[in-house]
Structure formats: C-alpha cells, structure tokens
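Printed here is my_file_6.txt (compact mmCIF, C-alpha atoms and all ligand atoms):
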# COMPACT_ATOMS: atom_id res chain seq x y z
CA MET A 156 5.12 27.03 9.94
CA PRO A 157 2.18 29.27 10.77
CA THR A 158 2.16 32.90 9.79
CA PRO A 159 3.65 35.12 12.51
CA ALA A 160 0.20 36.44 13.37
CA GLN A 161 -0.97 32.93 14.21
CA ARG A 162 1.90 32.28 16.60
CA SER A 163 -0.01 34.08 19.33
CA ARG A 164 -1.46 32.36 22.35
CA SER A 165 -4.87 33.76 21.53
CA PHE A 166 -5.16 31.00 18.94
CA ARG A 167 -6.34 27.50 19.66
CA LYS A 168 -4.51 24.67 17.90
CA ARG A 169 -6.64 21.93 16.39
CA ARG A 170 -4.97 18.77 15.14
CA VAL A 171 -6.53 17.53 11.90
CA ALA A 172 -5.70 14.10 10.45
CA THR A 173 -5.31 14.39 6.66
CA PRO A 174 -6.01 11.54 4.18
CA GLY A 175 -2.25 11.32 3.47
CA GLY A 176 -1.58 10.18 7.03
CA LYS A 177 -0.19 13.51 8.17
CA ILE A 178 -1.43 15.55 11.07
CA ASN A 179 -1.93 19.21 10.21
CA ILE A 180 -2.51 21.95 12.70
CA HIS A 181 -5.37 24.35 12.16
CA TYR A 182 -5.30 27.66 14.02
CA THR A 183 -8.65 28.98 15.23
CA LYS A 184 -9.46 31.98 17.43
CA LYS A 185 -10.23 31.07 21.03
CA LYS A 186 -13.78 31.48 22.28
CA PRO A 187 -14.46 34.16 24.88
CA ALA A 188 -15.26 33.15 28.47
CA VAL A 189 -18.66 31.77 29.43
CA PRO A 190 -21.13 34.55 30.28
CA LYS A 191 -21.90 34.55 34.00
CA CYS A 192 -24.34 36.22 36.39
CA GLY A 193 -22.96 39.48 37.75
CA SER A 194 -24.00 38.83 41.33
CA CYS A 195 -23.93 35.04 41.92
CA GLY A 196 -21.61 33.81 39.15
CA LYS A 197 -24.02 31.26 37.73
CA ARG A 198 -23.74 30.42 34.03
CA LEU A 199 -26.16 32.45 31.90
CA HIS A 200 -28.45 30.81 29.37
CA GLY A 201 -29.60 32.54 26.21
CA VAL A 202 -26.35 34.47 25.75
CA PRO A 203 -24.21 33.30 22.81
CA ARG A 204 -20.60 32.29 23.51
CA ALA A 205 -19.02 33.49 20.30
CA LEU A 206 -16.53 36.03 19.00
CA PRO A 207 -17.76 39.61 19.24
CA SER A 208 -17.71 39.87 15.45
CA ASP A 209 -20.12 36.93 15.21
CA VAL A 210 -22.33 38.19 18.01
CA LYS A 211 -22.67 41.50 16.19
CA LYS A 212 -24.33 39.76 13.26
CA LEU A 213 -27.11 38.30 15.44
CA PRO A 214 -30.45 40.05 15.94
CA LYS A 215 -30.86 41.85 19.25
CA SER A 216 -33.34 39.29 20.59
CA ARG A 217 -30.78 36.48 20.24
CA LYS A 218 -28.01 38.34 22.08
CA ARG A 219 -29.64 38.25 25.53
CA PRO A 220 -32.94 37.35 27.25
CA GLU A 221 -35.56 40.05 26.78
CA ARG A 222 -36.04 41.00 30.40
CA PRO A 223 -34.56 43.74 32.62
CA TYR A 224 -30.94 42.81 33.51
CA GLY A 225 -31.12 40.16 30.73
CA GLY A 226 -27.59 39.00 29.83
CA ASN A 227 -26.15 40.50 33.05
CA LEU A 228 -28.02 38.80 35.90
CA CYS A 229 -29.51 35.33 36.15
CA PRO A 230 -33.33 35.22 36.37
CA GLU A 231 -33.31 34.57 40.13
CA CYS A 232 -31.05 37.53 40.91
CA ALA A 233 -33.01 39.76 38.52
CA ARG A 234 -36.25 38.80 40.28
CA GLN A 235 -34.71 39.64 43.67
CA LYS A 236 -33.43 42.98 42.41
CA ILE A 237 -36.82 43.97 40.97
CA ARG A 238 -38.50 43.02 44.24
CA ILE A 239 -36.07 45.03 46.36
CA LYS A 240 -36.42 48.05 44.06
CA ASN A 241 -40.20 47.83 44.34
CA MET A 242 -40.03 47.70 48.15
CA GLU A 243 -37.59 50.62 48.36
CA ARG A 244 -39.78 52.71 46.13
CA TRP A 245 -42.80 52.60 48.46
CA GLU A 246 -40.87 52.85 51.76
CA ASN A 247 -41.37 56.62 52.17
CA ASP A 248 -45.12 56.62 51.37
CA MET B 159 -52.33 41.68 49.73
CA ILE B 160 -53.41 39.84 46.57
CA GLU B 161 -56.96 40.85 45.65
CA THR B 162 -58.79 42.37 42.67
CA GLY B 163 -57.77 45.99 42.11
CA ARG B 164 -54.27 45.64 43.59
CA VAL B 165 -51.52 47.14 41.43
CA CYS B 166 -48.48 44.84 41.19
CA VAL B 167 -45.06 44.60 39.57
CA LYS B 168 -44.28 41.61 37.35
CA THR B 169 -40.94 40.07 38.33
CA VAL B 170 -40.45 37.35 35.70
CA GLY B 171 -40.32 37.20 31.92
CA ARG B 172 -40.20 39.89 29.28
CA GLU B 173 -42.77 41.93 31.21
CA ALA B 174 -40.58 41.93 34.34
CA GLY B 175 -40.37 45.28 36.12
CA LYS B 176 -43.67 46.49 34.66
CA PHE B 177 -46.90 47.36 36.45
CA CYS B 178 -50.16 45.42 36.20
CA VAL B 179 -53.52 45.14 38.01
CA ILE B 180 -55.08 42.00 39.39
CA LEU B 181 -58.52 41.45 37.86
CA ASP B 182 -59.43 38.13 39.46
CA VAL B 183 -57.93 35.55 41.82
CA LEU B 184 -58.12 32.09 40.25
CA LYS B 185 -57.58 28.57 41.56
CA ASP B 186 -54.19 26.98 42.37
CA GLY B 187 -52.31 30.22 43.03
CA PHE B 188 -53.04 31.97 39.77
CA VAL B 189 -54.35 35.45 39.07
CA LEU B 190 -55.81 37.20 36.02
CA VAL B 191 -53.73 40.25 35.27
CA THR B 192 -53.60 43.18 32.83
CA GLY B 193 -51.39 46.26 32.29
CA PRO B 194 -53.43 47.28 30.34
CA LYS B 195 -51.18 46.75 27.35
CA ALA B 196 -51.64 50.30 26.08
CA ALA B 197 -50.38 51.69 29.41
CA THR B 198 -47.62 49.29 30.54
CA THR B 199 -47.24 46.64 27.77
CA VAL B 200 -48.45 43.87 30.13
CA LYS B 201 -50.97 41.69 28.27
CA ARG B 202 -54.25 40.51 29.76
CA ARG B 203 -53.21 37.05 30.91
CA LYS B 204 -53.24 34.36 33.56
CA CYS B 205 -50.16 34.54 35.77
CA SER B 206 -48.73 32.83 38.86
CA ILE B 207 -48.86 34.64 42.20
CA HIS B 208 -45.12 34.03 42.58
CA HIS B 209 -44.45 36.06 39.43
CA VAL B 210 -46.14 39.15 40.85
CA GLU B 211 -45.01 41.57 43.58
CA PRO B 212 -47.73 43.73 45.20
CA THR B 213 -47.47 47.52 45.68
CA PRO B 214 -49.48 49.65 48.14
CA VAL B 215 -51.48 51.18 45.24
CA THR B 216 -55.06 49.97 44.70
CA VAL B 217 -57.79 50.76 42.18
CA LYS B 218 -61.55 50.35 42.47
CA ILE B 219 -62.56 47.95 39.69
CA LYS B 220 -65.00 45.09 39.24
CA LYS B 221 -64.01 41.46 38.81
CA ASN B 222 -62.84 40.72 35.25
CA ALA B 223 -63.09 44.40 34.34
CA SER B 224 -62.32 45.33 30.72
CA ASP B 225 -59.10 47.14 29.80
CA ASP B 226 -61.04 50.35 29.06
CA ASP B 227 -62.62 50.28 32.52
CA VAL B 228 -59.20 49.81 34.10
CA LEU B 229 -57.80 52.78 32.17
CA ALA B 230 -60.72 54.93 33.33
CA ALA B 231 -60.16 53.80 36.92
CA TYR B 232 -56.45 54.67 36.62
CA LYS B 233 -57.38 58.17 35.47
CA GLN B 234 -59.81 58.70 38.35
CA ALA B 235 -57.41 57.51 41.05
CA GLY B 236 -54.41 59.30 39.52
CA VAL B 237 -52.47 56.06 39.28
CA PHE B 238 -50.43 57.26 36.28
CA LYS B 239 -48.76 59.90 38.46
CA LYS B 240 -48.29 57.56 41.42
CA LEU B 241 -46.56 54.92 39.28
CA GLY B 242 -44.71 57.43 37.10
CA ILE B 243 -46.20 56.09 33.86
CA LYS B 244 -47.23 58.05 30.79
CA GLU B 245 -50.95 58.15 30.14
CA PRO B 246 -51.57 56.29 26.85
CA THR B 247 -52.80 58.37 23.91
CA ALA B 248 -55.98 57.51 22.01
CA LYS B 249 -53.84 56.09 19.18
CA GLU B 250 -52.03 53.70 21.49
CA ILE B 251 -55.29 52.49 23.02
CA GLU B 252 -56.73 51.87 19.56
CA LYS B 253 -53.59 49.99 18.54
CA ALA B 254 -53.87 47.67 21.55
CA ARG B 255 -57.55 47.06 20.76
CA ASP B 256 -56.73 46.17 17.17
CA ALA B 257 -54.05 43.72 18.26
CA GLU B 258 -56.47 42.07 20.68
CA ARG B 259 -59.11 41.74 17.96
CA LYS B 260 -56.59 40.16 15.60
CA ARG B 261 -55.46 37.75 18.30
CA LEU B 262 -59.02 36.61 18.99
CA ALA B 263 -59.71 36.12 15.28
CA LYS B 264 -56.53 34.08 14.90
CA ALA B 265 -57.42 31.91 17.90
CA LYS B 266 -60.83 31.17 16.34
CA THR B 267 -59.35 30.04 13.01
CA GLU B 268 -56.72 27.93 14.76
CA LYS B 269 -59.41 26.19 16.77
CA ALA B 270 -61.35 25.40 13.59
CA LYS B 271 -58.29 24.13 11.68
CA PRO B 272 -57.36 20.97 13.62
CA GLU B 273 -60.86 19.51 13.15
CA ALA B 274 -60.57 19.94 9.38
CA LYS B 275 -57.11 18.38 9.39
CA LYS B 276 -58.34 15.31 11.22
CA LYS B 277 -61.11 14.71 8.69
CA GLU B 278 -58.92 14.89 5.60
CA PRO B 279 -56.41 12.09 6.29
CA GLU B 280 -59.21 9.65 7.09
CA ALA B 281 -60.78 10.21 3.66
CA GLU B 282 -57.59 10.14 1.58
CA PRO B 283 -56.12 6.69 2.30
CA LYS B 284 -59.39 4.92 1.44
CA LYS B 285 -59.32 6.40 -2.06
CA ALA B 286 -55.70 5.48 -2.50
CA GLU B 287 -56.37 1.86 -1.55
CA GLU B 288 -59.36 1.44 -3.83
CA LYS B 289 -57.93 2.80 -7.05
CA PRO B 290 -54.63 1.09 -7.73
CA GLU B 291 -55.70 -2.57 -7.37
CA ALA B 292 -56.70 -2.81 -11.02
CA GLU B 293 -54.08 -0.41 -12.41
CA LYS B 294 -51.17 -1.46 -10.26
CA ALA B 295 -50.01 -4.44 -12.34
CA ALA B 296 -49.79 -2.73 -15.73
CA PRO B 297 -48.65 0.90 -15.37
CA ALA B 298 -46.33 0.42 -12.47
CA LYS B 299 -43.87 -1.59 -14.60
CA LYS B 300 -44.09 0.64 -17.67
CA GLU B 301 -43.42 3.97 -16.01
CA PRO B 302 -40.05 3.23 -14.47
CA ALA B 303 -38.81 1.67 -17.73
CA LYS B 304 -39.69 4.84 -19.63
CA LYS B 305 -37.99 6.95 -17.05
CA LYS B 306 -34.82 4.90 -17.28
CA GLN B 307 -34.72 5.27 -21.05
CA GLU B 308 -35.22 8.99 -20.78
CA ALA B 309 -32.54 9.26 -18.19
CA LYS B 310 -30.07 7.37 -20.39
CA THR B 311 -30.78 9.51 -23.43
CA VAL B 312 -30.46 12.68 -21.42
CA LYS B 313 -27.30 11.72 -19.64
CA LYS B 314 -25.22 10.68 -22.66
CA PRO B 315 -25.23 13.91 -24.69
CA ALA B 316 -24.59 15.97 -21.58
CA ALA B 317 -21.58 13.82 -20.74
CA LYS B 318 -20.21 14.08 -24.32
CA LYS B 319 -20.62 17.86 -24.30
CA ALA B 320 -18.82 18.09 -21.01
CA VAL B 321 -15.93 16.02 -22.37
CA LYS B 322 -15.68 18.11 -25.53
CA LYS B 323 -15.66 21.31 -23.55
CA THR B 324 -12.95 20.17 -21.23
CA THR B 325 -10.76 18.94 -24.11
CA LYS B 326 -11.20 22.19 -26.02
CA LYS B 327 -10.33 24.26 -23.03
CA ALA B 328 -7.44 22.08 -22.02
CA GLU B 329 -5.74 22.02 -25.48
CA PRO B 330 -4.96 25.70 -25.89
CA LYS B 331 -3.45 25.86 -22.45
CA LYS B 332 -1.00 23.09 -23.29
CA LYS B 333 0.13 24.83 -26.48
ZN ZN C 401 -27.43 35.23 39.81
Spell out the structure here as structure tokens.
Amino acid sequence: MPTPAQRSRSFRKRRVATPGGKINIHYTKKKPAVPKCGSCGKRLHGVPRALPSDVKKLPKSRKRPERPYGGNLCPECARQKIRIKNMERWEND
Amino acid sequence: MIETGRVCVKTVGREAGKFCVILDVLKDGFVLVTGPKAATTVKRRKCSIHHVEPTPVTVKIKKNASDDDVLAAYKQAGVFKKLGIKEPTAKEIEKARDAERKRLAKAKTEKAKPEAKKKEPEAEPKKAEEKPEAEKAAPAKKEPAKKKQEAKTVKKPAAKKAVKKTTKKAEPKKK
C-alpha cells in the first residue's frame, strides 16, 4: 500500500516491471499543464514544463524567452502587441 | 517610411520593444540598424525590414554614421525626450565602445584560427605514417604484454586486501 499522502489524485502511477516478475507501482508528482499563449492559446516554446520547485532552480534565462511578454505571449502575438502600442503612442502627435 | 535617419521600434527578438535608427537600406529587404547600444541596448547590426516598425521621429544623419554621430544627432534633435529614453552617461558610452572593440578583436582572431587549424592536420598524418613502419613490428607486441603483466600484478594484491578487509569486518558482527 502507498503512504496515505500518495493516495491523492495529484500523483501519477507508473507501473514498473521488477526482475522478480512483479509489477510495482511508483508514485510520481504530475506535471503541470503545458504553457500556452495568453491571447491565442498556442503552445509556448522555451518555457520548461516542470514542477515549480524544479523551475525555481533554473537560471532566469532558461525560464522564459528573453523578449517582452516572453513566457506569456507567443512571438507572433507579442509582435502584434508591440506594433499596436507603437501606433497608439504616436496617434496624438 | 523606411529610409536612413528614421527611428524605429524593433518587434522581434531580445531587443523587441526598443528603439533604433536606420543607418542604411541594404539589398533583399534588409537594413543596417543601431540603438546605439549605450542609449537603447540595440546593437549595430543587419536586420530584416519585417522586424522593424517605423515611428514618425526622424534624425538627420549620414549613411553608415558612427554611433557617436548618432548620439550627437539625438541630442540636437531632442530625440531622448521624444522617445522617453534616458540620455546615456559618459561611462555607459565608454562601456559600449569597449565592448565593440573587444568584439572586433575577437572576430579577427577567430578569422585567423580556422586557417591555422586546416594546416595542422595535413602535416600530422604524414609524420605518423612515415615513422612507425620500421618500429611497428617490434615495440607494438612488447608494450601490451608488459601492460598485461603490470595489470595482473596490480590487480591481485588489491583483490586480496579487499577480501581480508571484508572478512575482518564481517567476523566481529557475527560474534
Ligand atoms: Zn499567441
């Protein structure tokens, strides 16, 4: 039997065949959801899909792309947003 | 809209959202661009037209103007205020110059290196082929035999020691 803490649904069950012919169950924490673009929902590259505790150990440059809106918007949406902001800025002049 | 002296916003890459000036319009939809780096962190570099968004601000500069000239032109036209950028201090300008100098020096050495690398491998194999023909027959057989003997002598005492240790440790536990 697993420990009571492992009986939660937040654990993934992995079946592992042992050399004795048994099948043991290993309990591992589930991965968080895939990071997606905030405006179009596209999958984001360059953002690690790992537990927050593991992500914390990474350097800042490996947590998200080094561009404005990096890790929140996909590059296409970010480009659009920067363009619109630029146009709005000079409207009154 | 895209001509020398036009101030633009970069929309792609790590410099996205930062201002730059067009220095020259190149072939195939490319432009030469600079921040300058001391002012906006945009390097002096070639860049696609599609990665640049023009603004109504313009500066009077010559084609392929140097970064110092661009900074002077910014000051004259009051571009720092228009764009809402801090005017770079003398220290920052000097830092950017130093980095540029280092980059150029590095590029020079890297260009010189590959030629040297190509020459070396051509020379080495010839020497290797010439030498061993006479020596190959004799020493090649002797060396491995010696090594095997050494290995045997080394391995045995180590194994005995390990056995002794384990037996010594194991005995008291049993008692
Ligand atoms: Zn998107």
Query - Neighbours of point (-4.1, 24.3, 11.9) within 8 Å, using only C-alpha atoms, written as a PyMOL selection string - result: chain A and resi 168-171+179-183
Query - Within-12 Å residues of ligand ZN 401 (chain C), basis only C-alpha atoms and all ligand atoms, as a PyMOL selection string - result: chain A and resi 190-200+224-236
Query - Selection: 8 Å around Ile219 of chain B, all atoms listed in the file, excl. self and same-chain fewer than 4 positions, as a ChimeraX atom specification - result: /B:162-163,181,223,227-228,231
Requested in this report: Show me which bits of chain A are within 7 Å of chain B, counting only C-alpha atoms, as a PyMOL selection string.
Outcome: chain A and resi 221-223+234+237-238
Requested in this report: Compile the contact shell of Lys218 of chain A as a PyMOL selection string: residues with an atom at most 6 Å away, counting only C-alpha atoms, same-chain residues fewer than 2 positions apart removed.
Outcome: chain A and resi 202+215-216
Report task. For atom CA of Pro187 of chain A and atom CA of Leu206 of chain A, determine how far apart the two atoms are, in Å to one decimal place. Result -> 6.5 Å
Query raised in the report: How many Å separate atom CA of Lys233 of chain B from atom CA of Lys195 of chain B?
Result: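 Here the two named atoms are 15.3 Å from each other.
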**Report entry** Residues within 10 Å of Lys201 of chain B, all atoms listed in the file, excluding chain neighbours under 6 positions, as JSON, numbers by chain
**Finding:** {"B": [173, 178, 191, 192, 193, 194, 195, 225, 254, 258]}
Report summary line: Here atom CA of Glu161 of chain B and atom CA of Lys218 of chain B stand apart by 11.0 Å
Query raised in the report: In file coordinates, which residues lie within 9 Å of (-59.6, 36.8, 39.3) using only C-alpha atoms, given as a PyMOL selection string?
Result: chain B and resi 161-162+180-185+188-191+204+221-222
Taking all atoms of segment 183-190 of chain B that the file lists, what box with edges along x, y and z, padded by 6 Å per side, do you get, with centre and edge lengths in Å to one decimal, as lines of an AutoDock Vina configuration file?
center_x = -55.2
center_y = 32.1
center_z = 39.5
size_x = 17.8
size_y = 22.2
size_z = 19.0
**Report entry** Selected residue of minimal separation from Asp248 of chain A among B:Lys240, B:Leu229, B:Ala197, B:Lys260, counting only C-alpha atoms
**Finding:**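 Closest residue, counting only C-alpha atoms: B:Lys240.
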